[in-house]
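Comments concern the structure below.
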Amino acid sequence: VTTRGGIRVRTTDGEFETRLRGRLMVDAAAHNGNPDLGDGTEIRRARLAWTGRIFHDWSFQLDYDFADGGKLRDSFVSYEGFEDIRLRTGLMEIPFQLQYRTSSSNSQLIERSLLGAFGGDRYIGVMGDIKKQHWSFAAGAFGDTATRKNPINDEGWGLGSRLTVAPINSDGRLLHFGTAVMYRNVDKDASGQQRVVRFSEQPEARVAGRPIVDTGDISNSRSFTRYGAETAVIRGPFSAQAEYVYTAVSRSSASNLGFDGWHLQAGYFLTNDARVYERGEFGAVTPKHQVGQGGIGAWELTLRYSSLDLSDRDIIGGEMDLFNVGVNWFPVPMLRFSANYIDVIKVKDGPNDGQKPRVFLVRSQWAF
Amino acid sequence: VTTRGGIRVRTTDGEFETRLRGRLMVDAAAHNGNPDLGDGTEIRRARLAWTGRIFHDWSFQLDYDFADGGKLRDSFVSYEGFEDIRLRTGLMEIPFQLQYRTSSSNSQLIERSLLGAFGGDRYIGVMGDIKKQHWSFAAGAFGDTATRKNPINDEGWGLGSRLTVAPINSDGRLLHFGTAVMYRNVDKDASGQQRVVRFSEQPEARVAGRPIVDTGDISNSRSFTRYGAETAVIRGPFSAQAEYVYTAVSRSSASNLGFDGWHLQAGYFLTNDARVYERGEFGAVTPKHQVGQGGIGAWELTLRYSSLDLSDRDIIGGEMDLFNVGVNWFPVPMLRFSANYIDVIKVKDGPNDGQKPRVFLVRSQWAF
Amino acid sequence: VTTRGGIRVRTTDGEFETRLRGRLMVDAAAHNGNPDLGDGTEIRRARLAWTGRIFHDWSFQLDYDFADGGKLRDSFVSYEGFEDIRLRTGLMEIPFQLQYRTSSSNSQLIERSLLGAFGGDRYIGVMGDIKKQHWSFAAGAFGDTATRKNPINDEGWGLGSRLTVAPINSDGRLLHFGTAVMYRNVDKDASGQQRVVRFSEQPEARVAGRPIVDTGDISNSRSFTRYGAETAVIRGPFSAQAEYVYTAVSRSSASNLGFDGWHLQAGYFLTNDARVYERGEFGAVTPKHQVGQGGIGAWELTLRYSSLDLSDRDIIGGEMDLFNVGVNWFPVPMLRFSANYIDVIKVKDGPNDGQKPRVFLVRSQWAF
């Protein structure tokens with residue numbers, strides 16, 4: 001039995017283990033510019049996860065987010081009897097985008113980039129992955145979301161896979177490349193007549209809850225396919241990540257559509273600390289000199305440029321570009337306080353054409 | 001402190017104990033025949049239960065299902081200071097039907113039978129039960145469901161009791177008989193004018209979420225009374241269960257109604273395993289030769305015939321008969337993978353008269 | 001690792017601690033008089049809280065109420081590195097009213113008094129407090145509730161503080177005084193045109209869920225300010241509490257409004273037990289001679305008079321006065337069974353002018 005915030009109980013023979021994990025994120029935001037979004041506060045995530053191992057080779061998880069009325073998160077049963085390989089069935093996130101494979105607790109800026117328009121989907125399905133020090137691969141087949149029920153029409157389904165390589169990964173140095181593709185067959189709506197997809201995105205803040213670019217419902221959508229490319233580097237206190245995603249929408253009675261976006265972000269620790277990379281994703285920062293033991297924790301300056309284009313042919317969702325600059329403070333492991341200043345420098349076309357909102361966003365977080 | 005999936009903490013003097021228990025069921029279904037229901041996936045249950053003992057004689061429970069938006073499950077305070085007797089107050093399932101007294105984790109086929117139309121109700125109330133090796137008895141008085149509020153009219157209330165005897169219950173042999181009766185006074189609807197009951201049922205699968213037989217709202221219903229009879233046998237790897245339920249509905253301005261149904265189900269373990277009976281209900285299967293220790297787990301073939309008649313007088317809900325054949329695999333204790341093929345052989349009258357849907361249903365489950 | 005109902009895991013150096021806490025309250029009520037409210041049952045609270053300490057100086061909490069569809073409760077991160085001082089950010093109750101600073105598990109009568117019309121608000125914000133044996137002080141700044149999102153308009157915000165002194169606090173004797181003030185700027189509604197506040201209250205019972213006095217929406221409300229005064233005494237088995245609250249509502253295009261209320265309540269233990277006071281609030285009763293060890297637990301008789309006036313100028317919400325008399329039985333620590341008889345002796349004006357409902361209310365509770 002151990003605790004470092006959460007609870008971990010392990011049998012002495014290692015056959016069984018059970019853990020309680022959780023995270024709480026408290027956000028506040030002030031806005032100016034235009035549109036002048038609503039200032040306010042939000043419990044962004046309030047999660048409790050129960051995970052463990054039974055009879056050595058099997059593991060389980062139940063994860064729930066109590067924020068915003070409650071949503072089931074990654075919950076599954078897993079077979080891990082083959083070395084470094086996991087076979088899972090249940091509800092899980094598709095293997096797509098480095099920033100989504102990295103836990104929200106460990107994201108470099110407060111929110112993920114504008115590429116959130118193209119990621120973070122969770123479906124019920126089966127997935128296998130293998131994780132090695134210098135490469136990882138994941139592939140899965142998925143049904144629909146946890147809450148979708150279709151009395152008459154079949155639910156949507158999809159496929160997805162991601163491959164990463166890390167030719168350099170040791171001694172505080174990382175060079176990482178990754179590529180991913182996912183296909184999704186769209187389910188029919190309630191009337192069974194029409195298939196719809198929609199992409200939209202907020203300005204890397206969720207407090208106001210208002211999308212700035214938005215395609216609206218794209219009718220007669222048969223399916224969409226997303227292609228992603230990603231890279232990351234760590235060198236001591238410096239780290240950087242870049243991603244590009246292209247989304248192709250296939251329509252039954254109109255031309256196909258293409259949307260895309262990218263971001264480039266970097267961080268630099270003022271203290272003698274570093275980002276942590278764990279087999280295809282970023283992990284939790286552990287400050288070397290923590291508060292209460294003579295240190296000031298870990299301090300990181302962060303910067304991101306994001307660009308998203310949701311306009312193509314007859315669908316004018318708009319283009320948005322923004323700068324996001326911030327600072328992270330990790331006083332002790334498992335705690336994080338962050339501030340971001342988001343400056344939307346361009347919104348072209350779409351529902352908020354020509355507007356330039358600015359957001360000052362702060363977050364307090366515990367996670368373990 | 002022990003863990004076998006869940007956590008159990010017990011004081012050395014046995015005065016206090018606390019346990020975390022849970023279960024996750026992940027379902028997928030494909031349908032054909034007619035009506036052609038929607039293929040798809042579902043998180044059927046995602047439950048976390050906290051239960052324990054305080055000062056030796058008292059126990060508590062809090063149980064929640066995170067699936068489908070969240071529902072409170074059996075949650076109560078209990079006095080257990082008399083041997084084999086429990087006195088409870090809180091939210092609980094009424095004592096009715098062997099298949100509902102048996103945990104959903106331990107049901108022989110994936111879903112319970114068509115008698116689900118007449119069972120599984122949970123109300124706030126008080127209940128006492130006594131459980132002996134060769135008999136058990138439970139009786140309770142109940143108010144309404146956990147979420148019902150009536151600003152003006154009184155809520156519904158009911159009574160229920162169940163008696164079981166097991167003249168043979170030892171050395172892998174069981175002969176069990178049971179009988180139960182429950183009465184329910186129906187609450188008024190929001191306008192206070194009319195009392196309504198409704199019975200409906202899906203084809204032993206919940207993924208599509210569409211009832212096949214359905215009485216619709218039966219207006220002017222004053223109360224209903226259900227009578228149940230049940231029997232079960234275990235002989236080594238073979239087991240069988242049968243139940244019959246009759247439901248009488250009393251109406252204020254029309255003749256009374258009667259609906260009924262029954263099922264007969266059996267299972268046979270291909271491996272040297274057996275169903276477990278625990279004082280009036282079925283428990284969890286523990287494979288003798290588990291995967292990872294040279295075994296193949298426990299394999300059970302299962303078969304059920306269900307029949308339900310929701311038509312009487314002016315209420316034509318329809319009749320449904322079906323075969324359900326399946327296989328269960330228990331690789332290790334606490335895990336279960338099951339497949340069922342459900343063939344609806346008759347639907348007479350009602351909203352889907354003459355239709356014959358077929359369902360292939362699979363479930364992955366952890367429970368402890 | 002210890003359990004006394006809940007789980008507590010503490011590292012031997014005291015640096016880390018994690019606890020699971022919970023409470024379940026099961027209510028039933030019968031009504032007569034007029035209006036004749038709906039008799040029935042309710043799960044009043046079903047809470048699971050996870051709280052703990054990390055790296056000695058920091059603490060965390062996640063608290064959720066599973067009753068009534070689920071609501072997030074006090075959830076925050078806290079710095080406690082200064083002696084007796086806590087600095088918190090997250091979702092929390094404002095520091096206002098002794099009866100709300102006291103946990104619902106430890107309230108003297110089943111529900112809090114009619115002053116509930118003016119208290120119990122939870123907002124996201126920051127708060128600091130200091131608690132000493134003979135005084136306590138808390139002050140905070142708050143945004144809006146956990147679920148509020150405003151795409152366009154700013155959310156509401158507020159300030160609050162409370163000061164208590166206890167010149168006598170030792171050897172089973174207490175003399176406590178307190179005062180508090182809170183200000184709240186009201187957010188705009190969805191259309192951004194109008195600001196609304198509303199006060200209403202039920203008759204110290206929640207089962208029927210129907211307010212007896214109710215101001216309705218007070219339009220054009222800019223802000224409101226509440227002033228509270230409180231006192232409490234304990235002398236051996238006897239205890240008493242009294243509170244007064246005045247609420248001033250500022251309107252943009254009409255005269256300001258003033259509402260107020262007060263209560264006086266007392267309890268007397270028939271057994272050799274006493275109420276517990278802990279630095280500005282009441283704690284849990286621990287019976288000296290518990291059931292199962294030759295005792296009969298702790299028995300307390302309780303009485304309260306409450307008065308609430310929600311009528312001023314053009315807003316006629318009504319006045320209500322009531323007597324509430326009850327008994328508490330604590331058979332062992334952490335369990336409580338209570339009965340209250342509530343006699344509304346006056347309702348003047350408002351939606352239920354001249355009516356006199358009576359309520360018999362019982363509660364079964366475990367809490368730790």
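Going through the structure tokens in order, the chains are called A, B, and so on, while each chain numbers its residues from 1 and the ligands are numbered from 1 in the order shown.
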May I ask you to extract the residues of chain A within 9 Å of chain C, using only C-alpha atoms, and to give them as number ranges by chain? A: 1-7, 22-28, 30, 35-43, 46-48, 66-70, 207-211, 292, 332-335, 364-366
Selection export as an mmCIF file, in the first residue's frame, atoms kept: C-alpha atoms:
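Writing the result to out_19.cif gives the following:
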data_model
loop_
_atom_site.group_PDB
_atom_site.id
_atom_site.type_symbol
_atom_site.label_atom_id
_atom_site.label_comp_id
_atom_site.auth_asym_id
_atom_site.auth_seq_id
_atom_site.Cartn_x
_atom_site.Cartn_y
_atom_site.Cartn_z
ATOM 1 C CA VAL A 1 0.000 0.000 0.000
ATOM 2 C CA THR A 2 1.404 3.364 -0.988
ATOM 3 C CA THR A 3 0.061 6.848 -1.438
ATOM 4 C CA ARG A 4 1.451 9.818 -3.224
ATOM 5 C CA GLY A 5 -1.866 11.567 -3.557
ATOM 6 C CA GLY A 6 -3.606 8.590 -5.099
ATOM 7 C CA ILE A 7 -3.818 5.162 -3.520
ATOM 8 C CA GLY A 22 -7.704 11.634 -10.179
ATOM 9 C CA ARG A 23 -7.318 15.142 -11.469
ATOM 10 C CA LEU A 24 -8.984 18.492 -10.885
ATOM 11 C CA MET A 25 -8.552 21.520 -13.140
ATOM 12 C CA VAL A 26 -9.947 24.891 -12.092
ATOM 13 C CA ASP A 27 -9.945 27.564 -14.799
ATOM 14 C CA ALA A 28 -10.664 31.260 -14.883
ATOM 15 C CA ALA A 30 -10.867 37.188 -18.808
ATOM 16 C CA PRO A 35 -16.139 39.191 -29.932
ATOM 17 C CA ASP A 36 -15.926 40.005 -26.208
ATOM 18 C CA LEU A 37 -16.473 36.556 -24.752
ATOM 19 C CA GLY A 38 -17.937 36.017 -21.281
ATOM 20 C CA ASP A 39 -15.413 36.256 -18.466
ATOM 21 C CA GLY A 40 -15.777 33.576 -15.860
ATOM 22 C CA THR A 41 -14.683 30.399 -14.192
ATOM 23 C CA GLU A 42 -14.979 26.699 -14.866
ATOM 24 C CA ILE A 43 -14.244 23.301 -13.377
ATOM 25 C CA ALA A 46 -12.863 16.599 -12.183
ATOM 26 C CA ARG A 47 -11.852 13.033 -12.796
ATOM 27 C CA LEU A 48 -11.676 9.872 -10.762
ATOM 28 C CA PHE A 66 -17.601 14.646 -12.944
ATOM 29 C CA ALA A 67 -17.343 18.074 -14.581
ATOM 30 C CA ASP A 68 -20.141 19.441 -16.759
ATOM 31 C CA GLY A 69 -22.762 16.867 -15.852
ATOM 32 C CA GLY A 70 -20.504 13.832 -16.091
ATOM 33 C CA VAL A 207 -14.380 28.987 -20.184
ATOM 34 C CA ALA A 208 -16.689 30.985 -22.455
ATOM 35 C CA GLY A 209 -17.638 27.883 -24.437
ATOM 36 C CA ARG A 210 -18.035 29.686 -27.743
ATOM 37 C CA PRO A 211 -16.498 28.435 -31.015
ATOM 38 C CA GLY A 292 9.038 23.252 0.854
ATOM 39 C CA VAL A 332 5.792 20.059 -6.249
ATOM 40 C CA PRO A 333 5.071 16.935 -8.278
ATOM 41 C CA MET A 334 1.370 16.489 -9.118
ATOM 42 C CA LEU A 335 0.524 20.188 -8.776
ATOM 43 C CA SER A 364 -4.901 25.448 -10.989
ATOM 44 C CA GLN A 365 -4.482 21.692 -11.170
ATOM 45 C CA TRP A 366 -3.800 18.601 -9.117
#
Need to verify the contact set: Thr102 of chain C, 8 Å, only C-alpha atoms, exclusion of same-chain residues closer than 5 positions in sequence. Can you return it as a PDB file with all heavy atoms, in the first residue's frame?
ATOM      1  N   SER C 107     -26.022  18.615  11.070  1.00  0.00           N
ATOM      2  CA  SER C 107     -27.037  19.602  11.396  1.00  0.00           C
ATOM      3  C   SER C 107     -27.912  19.073  12.532  1.00  0.00           C
ATOM      4  O   SER C 107     -28.161  17.875  12.631  1.00  0.00           O
ATOM      5  CB  SER C 107     -27.885  19.912  10.163  1.00  0.00           C
ATOM      6  OG  SER C 107     -28.639  18.785   9.796  1.00  0.00           O
ATOM      7  N   GLU C 281     -17.376  25.871  13.644  1.00  0.00           N
ATOM      8  CA  GLU C 281     -18.489  25.091  13.119  1.00  0.00           C
ATOM      9  C   GLU C 281     -18.751  23.898  14.041  1.00  0.00           C
ATOM     10  O   GLU C 281     -17.927  23.570  14.887  1.00  0.00           O
ATOM     11  CB  GLU C 281     -18.190  24.616  11.698  1.00  0.00           C
ATOM     12  CG  GLU C 281     -16.951  23.744  11.580  1.00  0.00           C
ATOM     13  CD  GLU C 281     -16.444  23.681  10.136  1.00  0.00           C
ATOM     14  OE1 GLU C 281     -16.049  24.738   9.582  1.00  0.00           O
ATOM     15  OE2 GLU C 281     -16.462  22.589   9.578  1.00  0.00           O
ATOM     16  N   PHE C 282     -19.919  23.261  13.866  1.00  0.00           N
ATOM     17  CA  PHE C 282     -20.242  22.090  14.677  1.00  0.00           C
ATOM     18  C   PHE C 282     -19.769  20.816  13.983  1.00  0.00           C
ATOM     19  O   PHE C 282     -19.843  20.698  12.760  1.00  0.00           O
ATOM     20  CB  PHE C 282     -21.750  22.023  14.948  1.00  0.00           C
ATOM     21  CG  PHE C 282     -22.195  22.987  16.011  1.00  0.00           C
ATOM     22  CD1 PHE C 282     -22.600  24.275  15.674  1.00  0.00           C
ATOM     23  CD2 PHE C 282     -22.153  22.617  17.343  1.00  0.00           C
ATOM     24  CE1 PHE C 282     -22.993  25.176  16.660  1.00  0.00           C
ATOM     25  CE2 PHE C 282     -22.547  23.509  18.331  1.00  0.00           C
ATOM     26  CZ  PHE C 282     -22.959  24.794  17.989  1.00  0.00           C
ATOM     27  N   GLY C 283     -19.286  19.873  14.793  1.00  0.00           N
ATOM     28  CA  GLY C 283     -18.773  18.611  14.256  1.00  0.00           C
ATOM     29  C   GLY C 283     -19.709  17.450  14.529  1.00  0.00           C
ATOM     30  O   GLY C 283     -20.870  17.630  14.909  1.00  0.00           O
TER      31      GLY C 283
END
For Thr215 of chain A, find every residue with an atom within 9 Å (counting only C-alpha atoms), except residues of its own chain fewer than 6 positions away, and show them as a list of chain:residue names. A:Val197, A:Arg198, A:Phe199, A:Ser200, A:Leu310, A:Ser311, A:Ile315, A:Ile316, A:Gly317, A:Gly318, A:Gly350, A:Pro351
Within 7 Å of Ala274 of chain B using only C-alpha atoms, minus same-chain residues under 2 positions, as a PyMOL selection string: chain B and resi 236-237+269+276
Out of segment 59-286 of chain A, which residues get strand (DSSP E or B) from DSSP, as a ChimeraX atom specification? /A:59-65,71-79,85-93,122-131,135-142,157-170,173-185,188,195-197,200-201,213-214,218-219,221-235,238-251,257-269,277,282
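Going from atom CA of Asp84 of chain C over to atom CA of Lys132 of chain C, you cover 6.9 Å.
You can rank A:Gly354, A:Gly228, A:Gly33, A:Gly158 by their closest distance to Glu93 of chain A using only C-alpha atoms, and at the top of that list sits A:Gly158.
Computed from the coordinates, the atom CA of Ala367 of chain A to atom CA of Gln108 of chain A distance equals 14.6 Å.
Between atom CA of Gln202 of chain A and atom CA of Arg101 of chain A the separation is 20.1 Å.
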